[in-house]
Structures are given as structure tokens and as C-alpha cells.
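Source file: entry01.txt (compact mmCIF, C-alpha atoms and all ligand atoms)
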# COMPACT_ATOMS: atom_id res chain seq x y z
CA MET A 1 17.94 17.28 22.29
CA LYS A 2 14.80 15.29 23.02
CA ILE A 3 14.27 11.88 21.44
CA LEU A 4 10.98 10.10 21.97
CA GLY A 5 10.49 6.39 21.32
CA ILE A 6 6.94 5.22 20.63
CA ASN A 7 6.29 1.56 21.27
CA GLY A 8 3.32 0.39 19.21
CA SER A 9 3.39 -3.15 20.60
CA PRO A 10 0.55 -4.44 22.80
CA ARG A 11 3.36 -6.07 24.84
CA GLU A 12 5.20 -3.44 26.82
CA ASN A 13 8.34 -5.44 27.35
CA GLY A 14 8.36 -7.45 24.14
CA ASN A 15 10.91 -7.34 21.38
CA THR A 16 9.81 -3.96 20.06
CA GLY A 17 10.25 -2.37 23.45
CA ALA A 18 13.66 -3.97 23.78
CA PHE A 19 14.93 -2.85 20.38
CA LEU A 20 13.59 0.65 21.00
CA ASP A 21 15.36 0.68 24.36
CA MET A 22 18.64 -0.22 22.66
CA ALA A 23 18.32 2.75 20.32
CA LEU A 24 17.24 5.10 23.11
CA ALA A 25 20.09 3.95 25.36
CA ARG A 26 22.64 4.67 22.63
CA ALA A 27 21.06 8.09 22.03
CA ALA A 28 21.27 8.81 25.77
CA GLU A 29 24.96 7.83 25.77
CA LEU A 30 25.44 10.46 23.10
CA GLY A 31 23.79 13.11 25.25
CA ALA A 32 20.14 13.02 24.17
CA GLU A 33 17.28 13.32 26.64
CA THR A 34 15.21 10.24 25.91
CA SER A 35 11.71 9.09 26.79
CA LYS A 36 9.36 6.37 25.70
CA ILE A 37 5.61 6.03 25.32
CA TRP A 38 3.94 2.63 25.25
CA LEU A 39 0.69 2.67 23.31
CA GLY A 40 -0.50 -0.68 24.66
CA ASP A 41 -2.18 0.67 27.79
CA LYS A 42 -3.58 3.81 26.23
CA ALA A 43 -7.19 4.58 25.41
CA LEU A 44 -6.51 5.39 21.78
CA ARG A 45 -9.18 4.66 19.23
CA GLY A 46 -8.72 5.06 15.49
CA CYS A 47 -9.56 8.19 13.53
CA ARG A 48 -13.33 8.42 13.17
CA GLY A 49 -13.14 10.64 10.10
CA CYS A 50 -15.28 13.38 11.66
CA TYR A 51 -13.11 16.15 10.16
CA GLY A 52 -13.55 18.03 13.45
CA CYS A 53 -9.83 18.85 13.37
CA VAL A 54 -10.30 20.93 10.21
CA GLU A 55 -11.99 23.66 12.22
CA ALA A 56 -10.73 22.90 15.74
CA LYS A 57 -7.06 22.61 14.62
CA HIS A 58 -6.64 19.64 16.92
CA CYS A 59 -8.13 16.17 17.23
CA VAL A 60 -11.54 16.58 18.87
CA VAL A 61 -11.80 12.98 20.06
CA GLU A 62 -10.89 13.13 23.72
CA ASP A 63 -8.91 10.14 24.95
CA ASP A 64 -5.21 9.45 25.57
CA PHE A 65 -4.27 10.86 22.17
CA GLN A 66 -3.80 14.43 23.39
CA PRO A 67 -0.90 13.86 25.85
CA ILE A 68 0.83 11.57 23.37
CA PHE A 69 0.51 14.19 20.65
CA GLU A 70 1.88 16.82 23.04
CA ALA A 71 4.90 14.65 23.79
CA ILE A 72 5.53 14.22 20.06
CA MET A 73 5.35 17.99 19.62
CA GLN A 74 7.98 18.47 22.34
CA ALA A 75 10.43 16.00 20.78
CA ASP A 76 13.13 16.83 18.25
CA ALA A 77 13.03 13.27 16.95
CA ILE A 78 10.71 10.32 17.19
CA LEU A 79 11.49 6.65 16.79
CA LEU A 80 8.35 4.87 15.62
CA GLY A 81 8.57 1.27 16.79
CA THR A 82 6.02 -1.34 15.76
CA PRO A 83 5.82 -5.11 15.68
CA VAL A 84 4.83 -6.50 12.32
CA TYR A 85 1.25 -7.80 12.50
CA HIS A 86 0.09 -9.45 9.29
CA ALA A 87 2.76 -7.58 7.35
CA SER A 88 1.61 -4.24 8.74
CA MET A 89 2.00 -1.90 11.68
CA THR A 90 -0.16 -2.61 14.74
CA ALA A 91 -3.64 -1.14 15.19
CA GLU A 92 -2.28 0.95 18.07
CA MET A 93 0.37 2.61 15.91
CA LYS A 94 -2.07 3.08 13.03
CA ALA A 95 -4.58 4.80 15.32
CA LEU A 96 -1.91 7.20 16.54
CA LEU A 97 -0.46 8.01 13.12
CA ASP A 98 -3.82 8.52 11.42
CA ARG A 99 -4.99 10.95 14.05
CA ALA A 100 -1.67 12.74 14.47
CA GLY A 101 -1.06 13.09 10.74
CA PHE A 102 -4.56 14.26 9.88
CA SER A 103 -5.08 16.71 12.74
CA GLY A 104 -1.48 17.92 12.35
CA ARG A 105 -2.18 18.78 8.73
CA TRP A 106 -5.28 20.80 9.49
CA ALA A 107 -3.59 22.56 12.38
CA ALA A 108 -1.36 24.20 9.77
CA ASN A 109 -3.76 24.51 6.83
CA ALA A 110 -7.31 25.53 5.96
CA MET A 111 -9.76 23.47 3.96
CA LYS A 112 -10.09 24.85 0.43
CA ALA A 113 -13.35 25.32 -1.42
CA LYS A 114 -14.11 23.06 -4.35
CA GLY A 115 -12.01 24.08 -7.35
CA GLU A 116 -9.33 25.84 -5.29
CA ASN A 117 -5.85 24.34 -5.26
CA TYR A 118 -3.86 23.53 -2.17
CA GLN A 119 -0.51 25.05 -1.44
CA TRP A 120 0.15 23.11 1.74
CA ALA A 121 1.86 25.12 4.47
CA GLY A 122 3.51 22.05 5.94
CA SER A 123 2.15 20.39 9.05
CA VAL A 124 2.89 20.56 12.74
CA PHE A 125 5.45 17.81 12.05
CA SER A 126 7.43 19.89 9.56
CA GLY A 127 11.13 19.35 10.17
CA LYS A 128 10.68 16.71 12.85
CA VAL A 129 13.23 13.91 12.61
CA VAL A 130 11.68 10.45 12.28
CA ALA A 131 13.02 6.92 12.02
CA PRO A 132 10.95 3.73 11.81
CA ILE A 133 11.79 0.55 13.70
CA THR A 134 9.98 -2.70 12.89
CA VAL A 135 10.18 -6.09 14.57
CA ALA A 136 8.99 -9.39 13.12
CA ARG A 137 9.45 -13.09 13.41
CA ARG A 138 9.56 -13.93 9.72
CA THR A 139 8.12 -11.69 7.01
CA GLY A 140 6.34 -8.43 6.25
CA GLN A 141 9.14 -6.25 7.63
CA VAL A 142 9.55 -4.01 4.59
CA LEU A 143 5.81 -3.52 4.20
CA ALA A 144 5.38 -2.30 7.77
CA PHE A 145 8.61 -0.28 7.49
CA ALA A 146 7.29 1.33 4.30
CA GLU A 147 4.03 2.23 6.03
CA LEU A 148 5.90 4.16 8.69
CA LEU A 149 8.15 5.80 6.10
CA THR A 150 5.14 6.77 4.02
CA TRP A 151 3.52 8.46 6.98
CA ALA A 152 6.69 10.44 7.70
CA ALA A 153 7.15 11.33 4.04
CA CYS A 154 3.74 12.97 3.69
CA ASN A 155 3.92 14.75 7.02
CA ASP A 156 6.96 16.86 6.11
CA CYS A 157 9.30 14.96 8.45
CA ILE A 158 13.03 14.50 8.02
CA ILE A 159 13.59 10.78 7.61
CA VAL A 160 16.92 9.42 8.80
CA GLY A 161 18.53 6.51 6.98
CA ASN A 162 20.89 3.82 8.19
CA THR A 163 23.24 1.28 6.66
CA TYR A 164 20.47 -1.31 6.88
CA TRP A 165 16.72 -1.14 7.58
CA ASN A 166 15.97 -0.61 11.27
CA MET A 167 14.54 -4.03 11.89
CA GLY A 168 14.75 -6.50 14.71
CA VAL A 169 14.12 -10.22 14.42
CA ALA A 170 12.01 -12.06 16.98
CA GLY A 171 11.83 -15.77 17.78
CA LYS A 172 8.94 -18.14 17.16
CA GLY A 173 5.84 -18.48 19.31
CA GLY A 174 6.06 -14.95 20.60
CA ALA A 175 9.52 -15.46 22.10
CA ILE A 176 11.15 -12.37 23.53
CA ASN A 177 14.78 -12.81 22.62
CA PRO A 178 16.22 -9.59 21.18
CA GLU A 179 19.66 -10.44 22.57
CA GLU A 180 19.94 -13.20 19.94
CA ASP A 181 19.79 -10.68 17.09
CA ALA A 182 23.31 -9.27 17.25
CA GLU A 183 22.96 -7.60 13.87
CA GLY A 184 19.69 -5.99 14.94
CA ILE A 185 21.35 -4.61 18.06
CA GLY A 186 24.04 -2.97 15.93
CA ILE A 187 21.37 -1.55 13.65
CA MET A 188 19.56 0.01 16.62
CA HIS A 189 22.77 1.65 17.78
CA GLY A 190 23.43 2.86 14.27
CA ILE A 191 20.05 4.52 13.85
CA ALA A 192 20.39 6.23 17.22
CA GLU A 193 23.77 7.65 16.21
CA ARG A 194 22.38 8.95 12.94
CA VAL A 195 19.32 10.50 14.55
CA VAL A 196 21.45 12.28 17.16
CA HIS A 197 23.83 13.48 14.45
CA THR A 198 20.97 14.81 12.33
CA VAL A 199 19.24 16.61 15.19
CA SER A 200 22.57 18.15 16.30
CA LYS A 201 23.10 19.59 12.85
CA LEU A 202 19.53 20.87 12.59
CA ASN A 203 19.64 22.48 16.04
CA LYS A 204 22.77 24.41 15.03
CA GLU A 205 20.98 25.98 12.05
C1 LIG A 301 -1.44 -10.81 15.50
C2 LIG A 301 0.00 -11.11 15.15
C3 LIG A 301 0.40 -11.00 13.83
C4 LIG A 301 1.73 -11.25 13.48
N1 LIG A 301 2.10 -11.13 12.17
C5 LIG A 301 3.37 -11.34 11.83
C6 LIG A 301 3.80 -11.20 10.47
O1 LIG A 301 3.04 -10.82 9.58
N2 LIG A 301 5.09 -11.45 10.18
C7 LIG A 301 5.99 -11.86 11.14
O2 LIG A 301 7.14 -12.10 10.80
N3 LIG A 301 5.63 -11.96 12.42
C8 LIG A 301 4.35 -11.72 12.80
N4 LIG A 301 3.99 -11.81 14.12
C9 LIG A 301 5.03 -12.03 15.14
C10 LIG A 301 5.46 -10.71 15.81
O3 LIG A 301 5.83 -9.75 14.85
C11 LIG A 301 6.61 -10.93 16.77
O4 LIG A 301 6.24 -11.88 17.75
C12 LIG A 301 7.06 -9.66 17.46
O5 LIG A 301 8.10 -9.95 18.33
C13 LIG A 301 5.95 -9.01 18.27
O6 LIG A 301 6.43 -7.82 18.85
P1 LIG A 301 6.57 -7.67 20.45
O7 LIG A 301 7.55 -8.70 20.89
O8 LIG A 301 7.03 -6.28 20.65
O9 LIG A 301 5.20 -7.92 21.01
C14 LIG A 301 2.66 -11.59 14.47
C15 LIG A 301 2.25 -11.67 15.81
C16 LIG A 301 0.94 -11.43 16.15
C17 LIG A 301 0.53 -11.53 17.61
This entry written out as C-alpha cells:
Amino acid sequence: MKILGINGSPRENGNTGAFLDMALARAAELGAETSKIWLGDKALRGCRGCYGCVEAKHCVVEDDFQPIFEAIMQADAILLGTPVYHASMTAEMKALLDRAGFSGRWAANAMKAKGENYQWAGSVFSGKVVAPITVARRTGQVLAFAELLTWAACNDCIIVGNTYWNMGVAGKGGAINPEEDAEGIGIMHGIAERVVHTVSKLNKE
């Protein structure tokens, strides 16, 4: 079982990285093979809306997107971790999800002529297990969380729930203090357990 954590923070070892690490460590304890990608040092521009992926069946913009996309394809489950920036996901995470979601759709479908209806044949993400993780100092958590959920929901992913939203709380002034959020630590362990459980069941099918 492969679980990939994606850290959408510009700070590699900030709170988002720490909360993701907590979830990945718990998943590893339960037997998962875990890995993490930090988007902060990647050349990853936003979708340019060229629609090149419709014909090419992959994103035609050549930068660091391709190896990240490949790693996502190899994973059974992905943990999407983002800090909350102005009540939203970061630009890094948005760039990745726009390009992955759009090119992944056209990899599995053909553009229809005007007047023809779509019967979508899924996407390359069909059946992939996804859980969002958001980190904020004060507010905007549910908005950013909902953005990640919305991406997963329209890309045919299997979204895993928890007993609380997968959110970590950060201190003021950019403080990196995840250890002070005891509840958040428990939440990260809980989501890891549920993701591992879900993938185990799916892999037995
Ligand atoms: C540009 C910017 C925007 C932010 N917007 C919010 C916000 O809307 N709500 C909030 O609670 N915290 C906000 N924060 C605080 C961060 O979410 C918080 O510091 C978080 O720990 C950053 O993640 P990191 O530690 O992984 O870098 C913002 C921080 C920055 C730099």
C-alpha cells in the first residue's frame, strides 16, 4: 500500500509538513509505504488553459508537474496538505490540482462535438483514495478544506472521512508549533488509520 503526502506549503518544514508527517508516520506504523512531495521547490506553474491535454492525453506544459503526476498515479492514496492562505489553498496546490484534474479527465475521455452529451468514463484518478489536510492560524479552514474535497469529488476519488475535519492549528506570526495542537495530532493519526483501513479493503476487492 502506497500513501503519498503532498505538502502545498511554501515552507517545507512548517506546520503543514509537520501535520502531514504525523499522518504519514502513523500510516507507516500500520504497514503503509509512505512518501512525501513538497511543492515549494518545484517549477510548477498554473494551468494555462491551452486544452493541449485534450488531444495529448497528458499535460503538455513541461515542468516539474510530470514527475509529481506520475507519483500520484503510483499511489493508492494521497493526503493533500495545504496551509490556509486567505481562506483558500495555496497557489502551489491549486496549480497542481488544476493541471492534474483537467489533464486526468481528458486522459480518460474525448472531447464531444457541440450538441453531444458527455457520459464521462471517469478519470485517471478514479478510485484513488484522497483525504484533505488543512492548517491555519485562525480562520478559513473549512473553505480551504472544501476546495480540496470539491476537487476530489469531481475527479472520481474515494474521499475518506474522520471523526473531525483534518485540520491543524498554527500559532501567530508564522510560528511553527504543531506539538501544541494535541487535538490536531490525534486527528492526523485518525485520518491515517482510516485511509489505511480503506485502502486495505479496496485492495482486497
Ligand atoms: C499569505 C498568507 C495568508 C494566510 N492566510 C491565512 C488565513 O486566511 N487564515 C488563517 O487562519 N491563517 C492564515 N495564514 C497563516 C498560515 O495559515 C499559517 O501560518 C500556517 O501555519 C502556514 O502553513 P506552514 O506552517 O505550513 O507554512 C496565512 C499566512 C500567509 C503567509
Open item on the list: Need to verify the contact set: Ala100 of chain A, 10 Å, all atoms listed in the file, exclusion of same-chain residues closer than 2 positions in sequence. Can you return it as a list in words?
Closed with: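 That gives Cys47, His58, Cys59, Phe65, Gln66, Ile68, Phe69, Ile72, Lys94, Ala95, Leu96, Leu97, Asp98, Phe102, Ser103, Gly104, Arg105, Val124, Phe125 and Asn155 of chain A.
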Open item on the list: I need the residue nearest Thr82 of chain A from this list: A:Cys50, A:Leu24, A:Ala144, A:Leu30. Use all atoms listed in the file for the distance.
Closed with: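 Comparing A:Cys50, A:Leu24, A:Ala144, A:Leu30 against Thr82 of chain A, the winner is A:Ala144.
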Open item on the list: Counting all atoms listed in the file, what are the residues, protein, DNA or RNA alike, that approach ligand LIG 301 (chain A) to within 10 Å? I want them as number ranges by chain.
Closed with: A: 7-20, 40, 81-91, 134-141, 143-144, 168-178
Task: Straight-line distance linking atom CA of Trp106 of chain A with atom CA of Pro67 of chain A, stated in Å to one decimal - done: 18.3 Å
Open item on the list: As an exercise, work out the distance from atom CA of Ser35 of chain A to atom CA of Lys2 of chain A in Å and give it to one decimal place.
Closed with: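 Straight-line distance from atom CA of Ser35 of chain A to atom CA of Lys2 of chain A works out to 7.9 Å.
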TODO: For His197 of chain A, please output as a list in words all residues within 12 Å (counting all atoms listed in the file; exclusion window: fewer than 4 positions along the same chain).
DONE: Met1, Ile3, Ala27, Leu30, Gly31, Ala32, Asp76, Ala77, Val129, Val160, Gly161, Asn162, Gly190, Ile191, Ala192, Glu193, Lys201, Leu202, Asn203 and Lys204 of chain A
TODO: Could you please determine the separation between atom CA of Glu70 of chain A and atom CA of Trp151 of chain A in Å, to one decimal place?
DONE: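 Answer for the atom CA of Glu70 of chain A to atom CA of Trp151 of chain A separation: 18.2 Å.
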Open item on the list: From (-8.5, 3.6, 23.1), in the file's coordinates, out to 9 Å: which residues are reached, counting all atoms listed in the file? Answer as an MDAnalysis selection string.
Closed with: chainID A and resid 41:46 63:65 92 95
Open item on the list: Just checking: using only C-alpha atoms, which residue out of A:Met22, A:Met73, A:Met111, A:Met93 ends up closest to Asn166 of chain A?
Closed with: A:Met22
Task: Protein/DNA/RNA residues near (7.6, 7.3, 23.5), cut 7 Å, all atoms listed in the file, as a list in words - done: Leu4, Gly5, Ile6, Asn7, Ser35, Lys36, Ile37 and Trp38 of chain A
Task: Which residue of A:Glu55, A:Glu205, A:Glu180, A:Glu147 approaches Ala107 of chain A most closely, using all atoms listed in the file - done: A:Glu55
- [ ] Rank nothing, just name the residue among A:Tyr164, A:Glu33, A:Cys157, A:Gly115 nearest to Val142 of chain A, using only C-alpha atoms.
- [x] A:Tyr164
Enclose segment 145-151 of chain A, meaning all of its atoms listed in the file, in a box aligned along x, y and z, pad it by 5 Å on each side, and list the centre and edge lengths in Å to one decimal, as JSON.
{"center_x": 6.1, "center_y": 4.1, "center_z": 6.4, "size_x": 15.1, "size_y": 18.7, "size_z": 14.7}
Task: For Lys57 of chain A, the nearest of the candidates A:Met167, A:Leu148, A:Gln119, A:Arg99, counting only C-alpha atoms - done: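 Closest to Lys57 of chain A of all the choices is A:Arg99.
Here the question is which of A:Asp181, A:Asp156, A:Asp21, A:Glu29 gets nearest to Trp120 of chain A using all atoms listed in the file, and that residue is A:Asp156.
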